[in-house]
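Written out below as structure tokens is the structure these notes cover.
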Amino acid sequence: HLVSYPLCYVQEIFKKFRSLHNAIMMLLNILNKLDTHLSSSEQHSELAWESTVEVAIILRMLTAHWFGDVFPFIEVPSGIKPQLAFRTLPDECDTLEKAKDHMDSVIAEYNTPTLIYVVSANARFPQVEGFLIYTSGSVTSAKTMGFQMKSSNLKPCKDMDTNVINGGAVLIRGYDIEEDRQEPKCGWNYMTSEQVRDFLGNSLLLAMPRHWL
């Protein structure tokens, strides 16, 4: 069936998305990458899983922005509808310490509640794939958390220095290994397979590696 909307309704829809241009463009780019991975021999590769998690993070950010939902693994006060921002660390930020200095300068640009998604342009950036930051408008009260996604049962080999990344880091993978939860590396939170399923939601569940389902 063909569904048509009056132009006045379409205008309101576009108004809703206008302030989220960067989020929508990033989401479309990642979805294109995910589609490529899922339709090729890379269907269950590390790259496909990384793209899946990136899509889930951005969808959760959009949900928090529109509805004030609590974000899964970084502290956003209930009922707050944060603005969204997307940034890339420059190549010279190749350590956690340099990344923190740069992110502090980014945080200082925002004086209202904001969720900031930060990825590195450096493929060899240590320990994490990217960061999520929640700021209520102050550098001193901002919470920063790193995230790492693995499509294997490998665990982080180093502690996360919470003096540098104050929210620690989360490992987003589907393996539910009891010993991981009992003895995680300091500063790390390992998501269980059940938590990962909840995080992905029904729309992305089929992109989860089949041996985790």
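Here's how to read the names in the structure tokens: chain A, B, ... by the order shown, residue numbers from 1 in each chain, ligand numbers from 1 in the order shown.
Using only C-alpha atoms, the protein and nucleic acid residues lying no more than 8 Å from region 50-57 of chain A, apart from those fewer than 4 places from it along its own chain, are A:Leu27, A:Ile30, A:Leu31, A:Lys33, A:Leu34, A:Glu46, A:Met61, A:Met149, A:Lys150, A:Ile172, A:Phe199, A:Leu200, A:Leu204, A:Ala207, A:Met208.
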Keeping only all heavy atoms, write those residues as a CSV table (one decimal), in the first residue's frame.
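What follows is the written file again05.csv:
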chain,number,residue,atom,x,y,z
A,27,LEU,N,25.0,8.0,10.9
A,27,LEU,CA,24.3,6.7,11.0
A,27,LEU,C,24.1,6.1,9.6
A,27,LEU,O,24.3,4.9,9.4
A,27,LEU,CB,22.9,7.0,11.6
A,27,LEU,CG,22.0,5.8,11.8
A,27,LEU,CD1,22.6,4.8,12.7
A,27,LEU,CD2,20.6,6.2,12.3
A,30,ILE,N,27.5,4.6,8.5
A,30,ILE,CA,27.8,3.3,9.2
A,30,ILE,C,26.9,2.2,8.7
A,30,ILE,O,27.3,1.0,8.5
A,30,ILE,CB,27.7,3.5,10.7
A,30,ILE,CG1,28.7,4.5,11.2
A,30,ILE,CG2,27.9,2.1,11.4
A,30,ILE,CD1,28.6,4.9,12.6
A,31,LEU,N,25.6,2.5,8.4
A,31,LEU,CA,24.7,1.5,7.9
A,31,LEU,C,25.1,1.0,6.5
A,31,LEU,O,25.0,-0.2,6.2
A,31,LEU,CB,23.3,2.1,7.8
A,31,LEU,CG,22.5,2.2,9.1
A,31,LEU,CD1,21.2,3.0,8.9
A,31,LEU,CD2,22.2,0.8,9.7
A,33,LYS,N,28.3,0.8,5.6
A,33,LYS,CA,29.4,-0.1,5.8
A,33,LYS,C,28.9,-1.4,6.3
A,33,LYS,O,29.3,-2.5,5.9
A,33,LYS,CB,30.3,0.5,6.9
A,33,LYS,CG,31.2,1.7,6.4
A,33,LYS,CD,32.3,1.9,7.4
A,33,LYS,CE,31.8,2.3,8.8
A,33,LYS,NZ,32.9,2.5,9.8
A,34,LEU,N,27.9,-1.4,7.2
A,34,LEU,CA,27.3,-2.6,7.8
A,34,LEU,C,26.7,-3.5,6.7
A,34,LEU,O,26.9,-4.7,6.7
A,34,LEU,CB,26.3,-2.3,8.9
A,34,LEU,CG,25.6,-3.5,9.6
A,34,LEU,CD1,26.7,-4.4,10.2
A,34,LEU,CD2,24.6,-2.9,10.6
A,46,GLU,N,35.2,-9.0,12.4
A,46,GLU,CA,35.3,-7.9,13.4
A,46,GLU,C,34.8,-6.6,12.9
A,46,GLU,O,34.1,-5.8,13.6
A,46,GLU,CB,36.8,-7.7,13.7
A,46,GLU,CG,37.1,-6.9,15.0
A,46,GLU,CD,37.1,-7.8,16.2
A,46,GLU,OE1,37.4,-9.0,16.2
A,46,GLU,OE2,36.7,-7.3,17.3
A,61,MET,N,21.8,7.0,21.3
A,61,MET,CA,21.9,8.4,21.5
A,61,MET,C,20.7,9.2,21.0
A,61,MET,O,20.2,10.1,21.6
A,61,MET,CB,23.2,8.9,20.7
A,61,MET,CG,24.5,8.4,21.3
A,61,MET,SD,26.0,8.9,20.4
A,61,MET,CE,26.0,10.7,20.7
A,149,MET,N,34.8,-3.1,21.2
A,149,MET,CA,33.9,-4.2,20.7
A,149,MET,C,34.8,-5.3,20.1
A,149,MET,O,35.6,-5.0,19.3
A,149,MET,CB,32.9,-3.7,19.8
A,149,MET,CG,33.3,-2.8,18.7
A,149,MET,SD,33.3,-1.1,19.2
A,149,MET,CE,32.9,-0.2,17.7
A,150,LYS,N,34.6,-6.5,20.6
A,150,LYS,CA,35.4,-7.6,20.1
A,150,LYS,C,34.4,-8.7,19.6
A,150,LYS,O,33.4,-8.9,20.3
A,150,LYS,CB,36.3,-8.2,21.2
A,150,LYS,CG,37.4,-7.3,21.7
A,150,LYS,CD,38.4,-7.1,20.6
A,150,LYS,CE,39.6,-6.3,21.2
A,150,LYS,NZ,40.7,-6.1,20.1
A,172,ILE,N,32.1,-4.5,24.8
A,172,ILE,CA,30.8,-4.8,24.2
A,172,ILE,C,30.9,-6.1,23.3
A,172,ILE,O,31.4,-6.0,22.2
A,172,ILE,CB,30.2,-3.7,23.4
A,172,ILE,CG1,30.2,-2.4,24.2
A,172,ILE,CG2,28.8,-4.0,22.9
A,172,ILE,CD1,29.9,-1.1,23.4
A,199,PHE,N,21.0,-4.3,24.5
A,199,PHE,CA,21.6,-3.1,23.9
A,199,PHE,C,21.4,-3.0,22.4
A,199,PHE,O,21.0,-1.9,21.9
A,199,PHE,CB,23.1,-3.1,24.2
A,199,PHE,CG,23.9,-2.0,23.5
A,199,PHE,CD1,23.7,-0.7,23.8
A,199,PHE,CD2,24.9,-2.3,22.6
A,199,PHE,CE1,24.4,0.3,23.2
A,199,PHE,CE2,25.6,-1.4,21.9
A,199,PHE,CZ,25.4,0.0,22.2
A,200,LEU,N,21.5,-4.1,21.7
A,200,LEU,CA,21.2,-4.1,20.3
A,200,LEU,C,19.8,-3.9,19.9
A,200,LEU,O,19.4,-3.2,19.0
A,200,LEU,CB,21.7,-5.4,19.6
A,200,LEU,CG,23.2,-5.7,19.7
A,200,LEU,CD1,23.5,-7.1,19.0
A,200,LEU,CD2,24.0,-4.6,19.0
A,204,LEU,N,18.6,-5.0,15.5
A,204,LEU,CA,20.0,-5.3,15.2
A,204,LEU,C,20.4,-6.7,15.7
A,204,LEU,O,21.5,-7.1,15.4
A,204,LEU,CB,21.0,-4.3,15.8
A,204,LEU,CG,21.0,-2.9,15.2
A,204,LEU,CD1,21.8,-1.9,16.0
A,204,LEU,CD2,21.5,-2.9,13.7
A,207,ALA,N,22.2,-9.1,13.4
A,207,ALA,CA,23.6,-8.8,13.0
A,207,ALA,C,24.6,-9.3,14.1
A,207,ALA,O,25.8,-9.3,13.9
A,207,ALA,CB,23.8,-7.3,12.9
A,208,MET,N,24.0,-9.8,15.2
A,208,MET,CA,24.9,-10.4,16.2
A,208,MET,C,25.5,-11.7,15.7
A,208,MET,O,24.8,-12.5,15.1
A,208,MET,CB,24.1,-10.6,17.5
A,208,MET,CG,24.9,-10.9,18.7
A,208,MET,SD,23.8,-10.9,20.2
A,208,MET,CE,25.0,-11.2,21.5
(Q) For the strand (DSSP E) assignment from backbone DSSP, which residues of region 67-166 of chain A qualify? Please present them as a VMD selection string. (A) chain A and resid 83 to 89 114 to 120 130 to 135 143 to 149
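Distances from A:Asp101, A:Asp161, A:Asp198, A:Asp94 to Ala121 (chain A) were compared using only C-alpha atoms, and the smallest one belongs to A:Asp94.
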**Q.** Contacts of Glu75 (chain A) at 10 Å (only C-alpha atoms; same-chain gap of 4+ positions) as a count of residues only
**A.** 10
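When CA of Asp35 (chain A) is paired with CA of Trp49 (chain A), their separation reads 11.5 Å.
The nearest approach to Lys185 (chain A) among the residues A:Ile165, A:Cys93, A:Leu171, A:Met160, with only C-alpha atoms taken into account, belongs to A:Met160.
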